[in-house]
file start13.txt (compact mmCIF, C-alpha atoms)
# COMPACT_ATOMS: atom_id res chain seq x y z
CA MET A 1066 26.55 27.21 34.52
CA LYS A 1067 29.63 29.41 34.30
CA THR A 1068 30.19 32.98 35.42
CA SER A 1069 29.52 35.48 32.62
CA ALA A 1070 31.86 38.26 31.50
CA ALA A 1071 29.70 40.77 33.39
CA GLY A 1072 29.80 38.55 36.47
CA LEU A 1073 33.60 38.45 36.33
CA ALA A 1074 33.67 42.22 35.94
CA ALA A 1075 31.48 42.61 39.02
CA ILE A 1076 33.69 40.31 41.13
CA ARG A 1077 36.81 42.15 40.03
CA SER A 1078 35.13 45.43 40.90
CA HIS A 1079 34.08 44.17 44.34
CA GLU A 1080 37.40 42.56 45.19
CA GLY A 1081 39.91 44.67 43.29
CA GLU A 1082 43.18 43.07 42.17
CA ARG A 1083 46.43 43.48 44.05
CA LEU A 1084 49.58 41.55 43.23
CA THR A 1085 51.13 42.09 46.67
CA ALA A 1086 49.52 40.43 49.70
CA TYR A 1087 47.44 42.71 51.93
CA GLN A 1088 45.03 42.37 54.86
CA ASP A 1089 41.34 42.78 54.03
CA SER A 1090 38.75 44.67 56.09
CA VAL A 1091 38.77 41.98 58.80
CA GLY A 1092 42.52 41.30 58.77
CA VAL A 1093 42.69 38.24 56.50
CA TRP A 1094 45.75 38.08 54.24
CA THR A 1095 44.61 38.36 50.62
CA VAL A 1096 46.26 38.54 47.20
CA GLY A 1097 45.16 38.76 43.55
CA VAL A 1098 41.40 39.01 43.15
CA GLY A 1099 40.20 38.22 46.66
CA HIS A 1100 42.26 35.05 47.07
CA THR A 1101 42.81 33.85 50.64
CA THR A 1102 44.44 30.74 52.02
CA ALA A 1103 40.99 29.36 52.86
CA ALA A 1104 40.19 29.14 49.13
CA GLY A 1105 43.09 26.75 48.52
CA PRO A 1106 46.66 27.07 47.23
CA PRO A 1107 48.70 29.15 47.19
CA THR A 1108 48.98 30.04 50.88
CA VAL A 1109 48.88 33.82 51.30
CA LYS A 1110 51.54 35.34 53.57
CA LYS A 1111 52.79 38.81 54.39
CA GLY A 1112 55.13 40.09 51.67
CA MET A 1113 53.87 37.61 49.07
CA ARG A 1114 53.99 38.84 45.45
CA ILE A 1115 52.43 37.28 42.34
CA THR A 1116 52.31 38.17 38.64
CA ALA A 1117 49.21 39.21 36.69
CA THR A 1118 49.23 35.83 34.95
CA GLU A 1119 49.37 33.99 38.27
CA SER A 1120 46.53 36.16 39.55
CA ALA A 1121 44.32 35.20 36.59
CA GLU A 1122 45.14 31.51 37.06
CA ILE A 1123 44.35 31.65 40.78
CA LEU A 1124 41.04 33.45 40.12
CA ALA A 1125 40.01 30.91 37.48
CA ARG A 1126 40.78 28.07 39.90
CA ASP A 1127 38.99 29.71 42.82
CA LEU A 1128 35.91 30.54 40.75
CA GLY A 1129 35.83 27.06 39.24
CA ALA A 1130 35.39 25.56 42.71
CA VAL A 1131 32.75 28.14 43.66
CA GLU A 1132 30.82 27.61 40.41
CA ALA A 1133 30.79 23.86 41.02
CA ASP A 1134 29.44 24.39 44.56
CA VAL A 1135 26.68 26.75 43.42
CA ASN A 1136 25.66 24.36 40.62
CA ARG A 1137 25.58 21.49 43.11
CA LEU A 1138 23.72 23.21 45.95
CA VAL A 1139 21.06 25.17 44.03
CA LYS A 1140 18.20 22.86 43.08
CA VAL A 1141 15.91 25.31 41.24
CA PRO A 1142 16.19 27.12 37.90
CA ILE A 1143 18.13 30.38 38.06
CA SER A 1144 19.07 33.02 35.51
CA GLN A 1145 22.58 34.00 34.51
CA ASN A 1146 22.43 37.14 36.65
CA GLN A 1147 21.23 35.13 39.64
CA PHE A 1148 24.05 32.64 39.15
CA ASP A 1149 26.62 35.45 38.86
CA ALA A 1150 25.34 37.10 42.04
CA LEU A 1151 25.48 33.80 43.95
CA VAL A 1152 29.02 33.08 42.76
CA SER A 1153 30.09 36.54 43.89
CA LEU A 1154 28.51 35.97 47.31
CA VAL A 1155 29.92 32.46 47.82
CA PHE A 1156 33.34 33.59 46.60
CA ASN A 1157 33.27 36.08 49.47
CA ILE A 1158 31.59 34.18 52.33
CA GLY A 1159 32.66 30.60 51.52
CA THR A 1160 30.71 27.47 50.61
CA PRO A 1161 30.15 26.21 54.22
CA SER A 1162 28.39 29.45 55.18
CA PHE A 1163 26.31 29.44 52.00
CA GLN A 1164 25.35 25.79 52.45
CA LYS A 1165 23.87 26.51 55.90
CA SER A 1166 22.29 29.84 54.93
CA THR A 1167 18.66 30.89 55.00
CA LEU A 1168 19.31 32.33 51.56
CA LEU A 1169 19.93 28.89 50.04
CA LYS A 1170 16.90 27.39 51.82
CA ALA A 1171 14.66 30.19 50.56
CA LEU A 1172 16.03 29.86 47.03
CA ASN A 1173 15.52 26.08 46.89
CA SER A 1174 11.96 26.70 48.14
CA ARG A 1175 11.51 28.99 45.11
CA ASP A 1176 11.12 32.08 47.29
CA TYR A 1177 13.37 34.20 45.08
CA GLN A 1178 12.46 37.51 46.72
CA LYS A 1179 13.36 36.26 50.19
CA ALA A 1180 16.59 34.82 48.83
CA ALA A 1181 17.44 38.21 47.32
CA ASP A 1182 16.75 39.98 50.61
CA GLN A 1183 19.01 37.53 52.42
CA PHE A 1184 22.04 38.91 50.54
CA LEU A 1185 21.85 41.94 52.82
CA VAL A 1186 22.34 39.78 55.93
CA TRP A 1187 25.93 38.97 54.93
CA ASN A 1188 27.39 42.41 55.58
CA LYS A 1189 29.23 41.78 58.84
CA GLY A 1190 32.79 40.97 59.76
CA THR A 1191 34.64 40.24 62.98
CA VAL A 1192 36.53 43.26 64.25
CA LYS A 1193 38.28 42.98 67.64
CA GLY A 1194 36.17 39.96 68.50
CA ARG A 1195 32.82 41.55 67.64
CA LYS A 1196 30.53 41.09 64.62
CA VAL A 1197 29.96 44.51 63.11
CA ALA A 1198 28.44 45.80 59.86
CA ILE A 1199 31.11 46.91 57.39
CA LYS A 1200 30.25 49.58 54.86
CA GLY A 1201 32.20 47.95 52.05
CA LEU A 1202 30.35 44.67 52.57
CA THR A 1203 27.00 46.47 52.85
CA ASP A 1204 27.58 48.19 49.51
CA ARG A 1205 28.66 44.93 47.91
CA ARG A 1206 25.60 43.02 49.16
CA GLN A 1207 23.29 45.72 47.81
CA LYS A 1208 24.87 45.40 44.38
CA GLU A 1209 24.73 41.59 44.48
CA ARG A 1210 21.05 41.73 45.51
CA ALA A 1211 20.29 44.11 42.63
CA GLN A 1212 22.17 41.81 40.28
CA PHE A 1213 20.20 38.80 41.55
CA LEU A 1214 16.86 40.58 40.96
CA ALA A 1215 17.74 42.10 37.57
CA ALA A 1216 16.44 40.63 34.35
CA ASP A 1217 19.14 39.24 32.07
CA GLY A 1218 20.18 41.36 29.11
CA GLY A 1219 20.57 44.84 30.59
CA LYS A 1220 23.58 47.16 30.56
CA VAL A 1221 26.51 46.95 32.94
CA THR A 1222 25.93 49.63 35.58
CA PRO A 1223 27.15 50.07 39.17
CA GLU A 1224 23.55 49.56 40.29
CA THR A 1225 22.70 46.32 38.53
CA TRP A 1226 25.86 44.73 37.06
CA ASN A 1227 23.71 43.12 34.37
CA ALA A 1228 25.17 41.35 31.39
CA PRO A 1229 25.75 43.93 28.64
CA LYS A 1230 23.76 43.75 25.42
CA PRO A 1231 25.64 43.15 22.17
CA VAL A 1232 26.28 46.52 20.55
CA PRO A 1233 27.53 47.36 17.04
CA SER A 1234 30.89 49.05 16.63
CA GLU A 1235 29.32 52.45 15.96
CA ASN A 1236 27.36 52.37 19.22
CA LYS A 1237 28.86 54.70 21.83
CA ALA A 1238 27.31 53.00 24.88
CA LYS A 1239 30.00 54.18 27.27
CA GLU A 1240 29.38 51.65 30.04
CA THR A 1241 29.86 48.67 27.73
CA VAL A 1242 32.80 50.15 25.85
CA ALA A 1243 34.54 51.17 29.10
CA PHE A 1244 34.03 47.64 30.44
CA VAL A 1245 35.64 46.18 27.29
CA GLN A 1246 38.51 48.70 27.44
CA ALA A 1247 39.22 47.89 31.09
CA ARG A 1248 39.20 44.14 30.48
CA LEU A 1249 41.44 44.43 27.41
CA TRP A 1250 43.87 46.55 29.42
CA GLU A 1251 43.93 43.92 32.20
CA LEU A 1252 44.76 41.26 29.61
CA GLY A 1253 47.75 43.21 28.28
CA TYR A 1254 46.26 45.23 25.41
CA THR A 1255 47.66 48.50 26.70
CA GLU A 1256 46.52 50.82 23.90
CA VAL A 1257 42.74 50.86 24.32
CA GLY A 1258 41.87 54.54 24.72
CA SER A 1259 42.24 57.37 27.19
CA ARG A 1260 42.61 56.23 30.81
CA ASP A 1261 42.37 58.48 33.87
CA PRO A 1262 45.71 58.05 35.71
CA LYS A 1263 44.09 58.69 39.10
CA THR A 1264 40.93 56.56 38.93
CA GLY A 1265 41.97 54.08 36.23
CA ALA A 1266 38.64 54.71 34.44
CA PHE A 1267 38.54 54.53 30.65
CA ASP A 1268 36.83 57.03 28.35
CA GLY A 1269 34.21 54.62 27.00
CA GLN A 1270 34.81 55.83 23.42
CA LEU A 1271 34.95 53.23 20.67
CA GLY A 1272 37.80 54.93 18.82
CA LYS A 1273 40.56 53.69 16.55
CA MET A 1274 42.80 52.32 19.35
CA THR A 1275 39.93 50.43 21.00
CA LYS A 1276 38.83 48.94 17.68
CA THR A 1277 42.42 47.90 16.95
CA ALA A 1278 42.67 46.23 20.36
CA ILE A 1279 39.36 44.40 19.78
CA LEU A 1280 40.58 43.17 16.41
CA ALA A 1281 43.86 42.01 17.93
CA PHE A 1282 42.07 40.20 20.77
CA ARG A 1283 39.70 38.49 18.35
CA ASN A 1284 42.62 37.43 16.14
CA GLU A 1285 44.58 36.00 19.07
CA ASN A 1286 41.54 34.17 20.48
CA ASP A 1287 40.18 32.66 17.24
CA LEU A 1288 37.06 34.86 17.13
CA PRO A 1289 35.52 36.20 13.90
CA LEU A 1290 37.52 39.27 12.85
CA SER A 1291 35.48 42.38 13.55
CA ASP A 1292 35.61 45.47 15.75
CA THR A 1293 32.09 44.71 17.02
CA ILE A 1294 31.31 44.21 20.72
CA ASP A 1295 29.05 41.17 20.95
CA ASP A 1296 28.29 38.27 23.28
CA GLY A 1297 31.13 36.18 21.87
CA LEU A 1298 33.65 38.91 22.59
CA LEU A 1299 32.33 39.55 26.11
CA ILE A 1300 32.37 35.86 27.02
CA ALA A 1301 35.90 35.44 25.62
CA LEU A 1302 37.09 38.52 27.53
CA GLY A 1303 35.76 37.03 30.74
CA GLN A 1304 37.54 33.72 30.23
CA ALA A 1305 40.81 34.87 28.64
CA LYS A 1306 44.14 34.82 30.44
CA PRO A 1307 46.61 37.73 30.27
CA ARG A 1308 48.83 37.76 27.23
CA GLU A 1309 52.30 36.30 27.65
CA LEU A 1310 54.74 39.17 27.31
CA PRO A 1311 57.38 40.04 26.32
CA ARG A 1312 57.30 38.23 22.96
CA ASN A 1313 61.06 38.38 22.43
CA ASP A 1314 61.05 35.09 20.58
CA ALA A 1315 58.76 36.37 17.81
CA ALA A 1316 60.40 35.95 14.40
CA PRO A 1317 60.71 39.12 12.25
CA ALA A 1318 58.43 37.60 9.62
CA GLU A 1319 55.78 36.98 12.31
CA VAL A 1320 56.03 40.57 13.52
CA ARG A 1321 55.73 41.91 9.95
CA LYS A 1322 52.59 39.86 9.48
CA ALA A 1323 51.02 41.05 12.75
CA ALA A 1324 52.09 44.71 12.59
CA PRO A 1325 51.53 46.35 9.16
CA GLU A 1326 53.71 49.39 9.93
CA VAL A 1327 56.69 47.08 10.61
CA LYS A 1328 56.20 45.49 7.19
CA THR A 1329 55.91 48.95 5.59
CA ASN A 1330 59.18 50.08 7.17
CA TRP A 1331 60.85 46.82 6.14
CA LEU A 1332 59.80 47.32 2.50
CA ALA A 1333 60.89 50.98 2.63
CA LYS A 1334 64.27 49.91 4.00
CA ILE A 1335 64.77 47.44 1.15
CA GLY A 1336 63.67 49.99 -1.45
CA ALA A 1337 66.02 52.62 -0.05
CA ALA A 1338 68.91 50.16 -0.10
CA VAL A 1339 68.16 49.24 -3.73
CA VAL A 1340 68.44 52.92 -4.68
CA ALA A 1341 71.28 53.95 -2.36
CA ILE A 1342 73.79 51.23 -3.18
CA PRO A 1343 73.86 51.64 -6.99
CA ALA A 1344 73.89 55.44 -6.61
CA ALA A 1345 76.86 55.29 -4.24
CA VAL A 1346 78.71 52.88 -6.54
CA GLY A 1347 77.99 55.13 -9.53
CA ALA A 1348 79.26 58.20 -7.67
CA PHE A 1349 82.44 56.34 -6.74
CA PHE A 1350 83.17 55.27 -10.28
CA ASP A 1351 82.40 58.69 -11.76
CA GLY A 1352 84.20 60.78 -9.15
CA ILE A 1353 87.13 58.54 -8.31
CA LEU A 1354 87.56 56.33 -11.33
CA GLY A 1355 86.16 58.61 -14.04
CA ASN A 1356 88.57 57.29 -16.64
CA ILE A 1357 86.96 53.86 -16.67
CA SER A 1358 84.78 53.62 -19.75
CA ALA A 1359 82.17 51.46 -18.06
CA ALA A 1360 81.68 54.12 -15.41
CA ARG A 1361 81.48 56.86 -18.06
CA GLY A 1362 78.72 54.98 -19.82
CA TYR A 1363 76.82 54.74 -16.53
CA VAL A 1364 76.86 58.43 -15.63
CA ASP A 1365 77.25 60.37 -18.93
CA PRO A 1366 73.53 60.24 -19.82
CA LEU A 1367 72.73 61.79 -16.45
CA LYS A 1368 75.40 64.49 -16.91
CA ASP A 1369 73.96 65.39 -20.31
CA MET A 1370 70.60 65.97 -18.64
CA VAL A 1371 71.79 68.20 -15.80
CA GLY A 1372 74.33 70.28 -17.69
CA ASP A 1373 77.54 71.34 -16.01
CA VAL A 1374 76.88 69.68 -12.62
CA PRO A 1375 79.05 66.55 -12.41
CA GLY A 1376 77.08 63.33 -12.47
CA TRP A 1377 78.76 62.05 -9.36
CA VAL A 1378 77.42 65.02 -7.36
CA TRP A 1379 73.87 64.10 -8.27
CA LEU A 1380 74.51 60.47 -7.50
CA VAL A 1381 75.94 61.37 -4.11
CA GLY A 1382 72.77 63.36 -3.42
CA VAL A 1383 70.56 60.44 -4.45
CA ALA A 1384 72.64 58.07 -2.33
CA ALA A 1385 72.45 60.43 0.67
CA VAL A 1386 68.67 60.81 0.44
CA ALA A 1387 68.15 57.08 -0.05
CA GLY A 1388 70.57 56.33 2.77
CA GLY A 1389 68.66 58.66 5.08
CA LEU A 1390 65.38 56.97 4.17
CA TYR A 1391 67.02 53.61 4.84
CA LEU A 1392 68.10 54.66 8.34
CA VAL A 1393 64.68 56.12 9.15
CA ALA A 1394 62.89 53.00 7.90
CA ARG A 1395 65.27 50.70 9.78
CA HIS A 1396 64.72 52.70 12.98
CA GLY A 1397 60.95 52.54 12.53
CA GLU A 1398 61.09 48.80 11.87
CA GLN A 1399 63.16 48.20 15.02
CA LYS A 1400 60.87 50.34 17.16
CA GLY A 1401 57.85 48.45 15.83
CA ILE A 1402 59.46 45.09 16.67
CA GLU A 1403 60.31 46.30 20.18
CA ALA A 1404 56.76 47.58 20.71
CA TYR A 1405 55.34 44.25 19.52
CA ALA A 1406 57.62 42.30 21.86
CA ALA A 1407 56.58 44.47 24.82
CA GLY A 1408 52.88 44.26 23.96
CA GLU A 1409 52.54 47.97 23.25
CA ARG A 1410 51.79 47.06 19.65
CA ARG A 1411 49.63 44.05 18.99
call {"tool": "encode", "arguments": {"input": "start13.txt", "output": "structure tokens"}}
result
Amino acid sequence: MKTSAAGLAAIRSHEGERLTAYQDSVGVWTVGVGHTTAAGPPTVKKGMRITATESAEILARDLGAVEADVNRLVKVPISQNQFDALVSLVFNIGTPSFQKSTLLKALNSRDYQKAADQFLVWNKGTVKGRKVAIKGLTDRRQKERAQFLAADGGKVTPETWNAPKPVPSENKAKETVAFVQARLWELGYTEVGSRDPKTGAFDGQLGKMTKTAILAFRNENDLPLSDTIDDGLLIALGQAKPRELPRNDAAPAEVRKAAPEVKTNWLAKIGAAVVAIPAAVGAFFDGILGNISAARGYVDPLKDMVGDVPGWVWLVGVAAVAGGLYLVARHGEQKGIEAYAAGERR
């Protein structure tokens, strides 16, 4: 079995993610999503810094080892929620402790209730040489126990951390939508809805920006194109790595294909140039070289239409307007390309 998207969300919530090394509640140097030296490379030291991409790679590697251990040590059938809860626990306490635990013995004896209750035992840490209960660990074990006991298929909530049900795009189930928004944001899709700058919480509204981000994620991860939140999307979100940004090497044609407004500005720029250049040339010939018969034939029909106003004046006006549109379109095209390269526009 593999950890589900909801299981990954729970672990990230329990552990948090910090790209600069810090000491956890018992003084162990930690980085990324709960990574310590005991879990394997890289060695975590004071002052260590990693990127978001490195953090995702480390987490995938750490969880892969934990998942293998849980699959190897558990000998009885378990649900997805039970597996997720066990992975979260083992990720925190380590395989050697889990292997010797009463929890594992109870579980392999098919005493699922006793195994669930044993989660609460693992709430202590060593502080100044003494084993003491730590509130953060107590809260985490209560959530993992609830997750272990919950039936598969419920909503993601702080109380149960169940796997979310598939919901159609018009469904405004805020917990599920907020989970998807948060995960998309972590992966580099930065325009996913309103985000509280203090708490980092998303609004849970399936609006235009969130739907656009879902479509972009599906397109980049070979999923069926839709703005629907379903199991396929949730699983892919849980397994995906952060997007590689900036995309400075993206060809203009690629950007125009991915970002419709860039293509629109590009076409507007070409259209404005097609109008502005002949108008400017016509104005030049009529105003500066009015004695040339070819130029007279170009502008006289226009002059006949507008009366006494010289044709070159009108052509200058047309050229000025078209030139302004050209500059605006070119600016919009450039801004769109820059936003695409930075990941602000997908």
call {"tool": "residues_around", "arguments": {"input": "start13.txt", "residues": "range 1097-1104 of chain A", "least_positions_apart": "3", "cutoff": "12 Å", "atoms": "all atoms listed in the file", "output": "CSV table (one decimal) with C-alpha atoms, in the coordinates of the input"}}
result
chain,number,residue,atom,x,y,z
A,1073,LEU,CA,33.6,38.4,36.3
A,1074,ALA,CA,33.7,42.2,35.9
A,1075,ALA,CA,31.5,42.6,39.0
A,1076,ILE,CA,33.7,40.3,41.1
A,1077,ARG,CA,36.8,42.2,40.0
A,1078,SER,CA,35.1,45.4,40.9
A,1079,HIS,CA,34.1,44.2,44.3
A,1080,GLU,CA,37.4,42.6,45.2
A,1081,GLY,CA,39.9,44.7,43.3
A,1082,GLU,CA,43.2,43.1,42.2
A,1083,ARG,CA,46.4,43.5,44.0
A,1084,LEU,CA,49.6,41.6,43.2
A,1085,THR,CA,51.1,42.1,46.7
A,1086,ALA,CA,49.5,40.4,49.7
A,1087,TYR,CA,47.4,42.7,51.9
A,1088,GLN,CA,45.0,42.4,54.9
A,1089,ASP,CA,41.3,42.8,54.0
A,1090,SER,CA,38.8,44.7,56.1
A,1092,GLY,CA,42.5,41.3,58.8
A,1093,VAL,CA,42.7,38.2,56.5
A,1094,TRP,CA,45.8,38.1,54.2
A,1107,PRO,CA,48.7,29.2,47.2
A,1108,THR,CA,49.0,30.0,50.9
A,1109,VAL,CA,48.9,33.8,51.3
A,1110,LYS,CA,51.5,35.3,53.6
A,1111,LYS,CA,52.8,38.8,54.4
A,1113,MET,CA,53.9,37.6,49.1
A,1114,ARG,CA,54.0,38.8,45.4
A,1115,ILE,CA,52.4,37.3,42.3
A,1116,THR,CA,52.3,38.2,38.6
A,1117,ALA,CA,49.2,39.2,36.7
A,1118,THR,CA,49.2,35.8,35.0
A,1119,GLU,CA,49.4,34.0,38.3
A,1120,SER,CA,46.5,36.2,39.6
A,1121,ALA,CA,44.3,35.2,36.6
A,1122,GLU,CA,45.1,31.5,37.1
A,1123,ILE,CA,44.4,31.6,40.8
A,1124,LEU,CA,41.0,33.4,40.1
A,1125,ALA,CA,40.0,30.9,37.5
A,1126,ARG,CA,40.8,28.1,39.9
A,1127,ASP,CA,39.0,29.7,42.8
A,1128,LEU,CA,35.9,30.5,40.8
A,1129,GLY,CA,35.8,27.1,39.2
A,1130,ALA,CA,35.4,25.6,42.7
A,1131,VAL,CA,32.8,28.1,43.7
A,1153,SER,CA,30.1,36.5,43.9
A,1154,LEU,CA,28.5,36.0,47.3
A,1155,VAL,CA,29.9,32.5,47.8
A,1156,PHE,CA,33.3,33.6,46.6
A,1157,ASN,CA,33.3,36.1,49.5
A,1158,ILE,CA,31.6,34.2,52.3
A,1159,GLY,CA,32.7,30.6,51.5
A,1160,THR,CA,30.7,27.5,50.6
A,1161,PRO,CA,30.2,26.2,54.2
call {"tool": "atom_distance", "arguments": {"input": "start13.txt", "atom1": "CA of Leu1392 in chain A", "atom2": "CA of Gly1336 in chain A"}}
result
11.7 Å
call {"tool": "atom_distance", "arguments": {"input": "start13.txt", "atom1": "CA of Val1186 in chain A", "atom2": "CA of Arg1206 in chain A"}}
result
8.2 Å
call {"tool": "residues_around", "arguments": {"input": "start13.txt", "residues": "Leu1151 in chain A", "least_positions_apart": "5", "cutoff": "9 Å", "atoms": "all atoms listed in the file", "output": "ChimeraX atom specification"}}
result
/A:1132,1135,1146,1156,1209,1213
call {"tool": "write_last_selection", "arguments": {"input": "start13.txt", "atoms": "C-alpha atoms", "output": "compact mmCIF listing (two decimals), in the frame of the given file"}}
result
# COMPACT_ATOMS: atom_id res chain seq x y z
CA GLU A 1132 30.82 27.61 40.41
CA VAL A 1135 26.68 26.75 43.42
CA ASN A 1146 22.43 37.14 36.65
CA PHE A 1156 33.34 33.59 46.60
CA GLU A 1209 24.73 41.59 44.48
CA PHE A 1213 20.20 38.80 41.55
call {"tool": "atom_distance", "arguments": {"input": "start13.txt", "atom1": "CA of Lys1276 in chain A", "atom2": "CA of Val1257 in chain A"}}
result
7.9 Å
call {"tool": "closest_residue", "arguments": {"input": "start13.txt", "among": "A:Gln1145, A:Gln1164, A:Thr1264, A:Gln1207", "to": "Leu1185 in chain A", "atoms": "all atoms listed in the file"}}
result
A:Gln1207
call {"tool": "residues_around", "arguments": {"input": "start13.txt", "residues": "range 1247-1250 of chain A", "least_positions_apart": "4", "cutoff": "10 Å", "atoms": "all atoms listed in the file", "output": "list in words"}}
result
Ala1070, Leu1073, Ala1074, Thr1241, Val1242, Ala1243, Tyr1254, Thr1255, Glu1256, Val1257, Gly1258, Arg1260, Gly1265, Ala1266, Phe1267, Asp1268, Gly1269, Thr1275, Ala1278, Ile1279, Phe1282, Leu1299, Leu1302, Gly1303, Ala1305, Pro1307 and Arg1308 of chain A
call {"tool": "residues_near_point", "arguments": {"input": "start13.txt", "point": "(17.0, 23.5, 42.0)", "cutoff": "10 Å", "atoms": "all atoms listed in the file", "output": "tab-separated table (two decimals) with C-alpha atoms, keeping the file's coordinate frame"}}
result
chain	number	residue	atom	x	y	z
A	1136	ASN	CA	25.66	24.36	40.62
A	1137	ARG	CA	25.58	21.49	43.11
A	1138	LEU	CA	23.72	23.21	45.95
A	1139	VAL	CA	21.06	25.17	44.03
A	1140	LYS	CA	18.20	22.86	43.08
A	1141	VAL	CA	15.91	25.31	41.24
A	1142	PRO	CA	16.19	27.12	37.90
A	1143	ILE	CA	18.13	30.38	38.06
A	1172	LEU	CA	16.03	29.86	47.03
A	1173	ASN	CA	15.52	26.08	46.89
A	1174	SER	CA	11.96	26.70	48.14
A	1175	ARG	CA	11.51	28.99	45.11
call {"tool": "closest_residue", "arguments": {"input": "start13.txt", "among": "A:Leu1271, A:Lys1165, A:Thr1068, A:Val1339", "to": "Glu1240 in chain A", "atoms": "only C-alpha atoms"}}
result
A:Leu1271
call {"tool": "closest_residue", "arguments": {"input": "start13.txt", "among": "A:Gln1304, A:Thr1329, A:Thr1167, A:Gln1270", "to": "Asn1286 in chain A", "atoms": "all atoms listed in the file"}}
result
A:Gln1304
call {"tool": "closest_residue", "arguments": {"input": "start13.txt", "among": "A:Ser1259, A:Gln1147, A:Ser1291, A:Ser1162", "to": "Lys1208 in chain A", "atoms": "only C-alpha atoms"}}
result
A:Gln1147
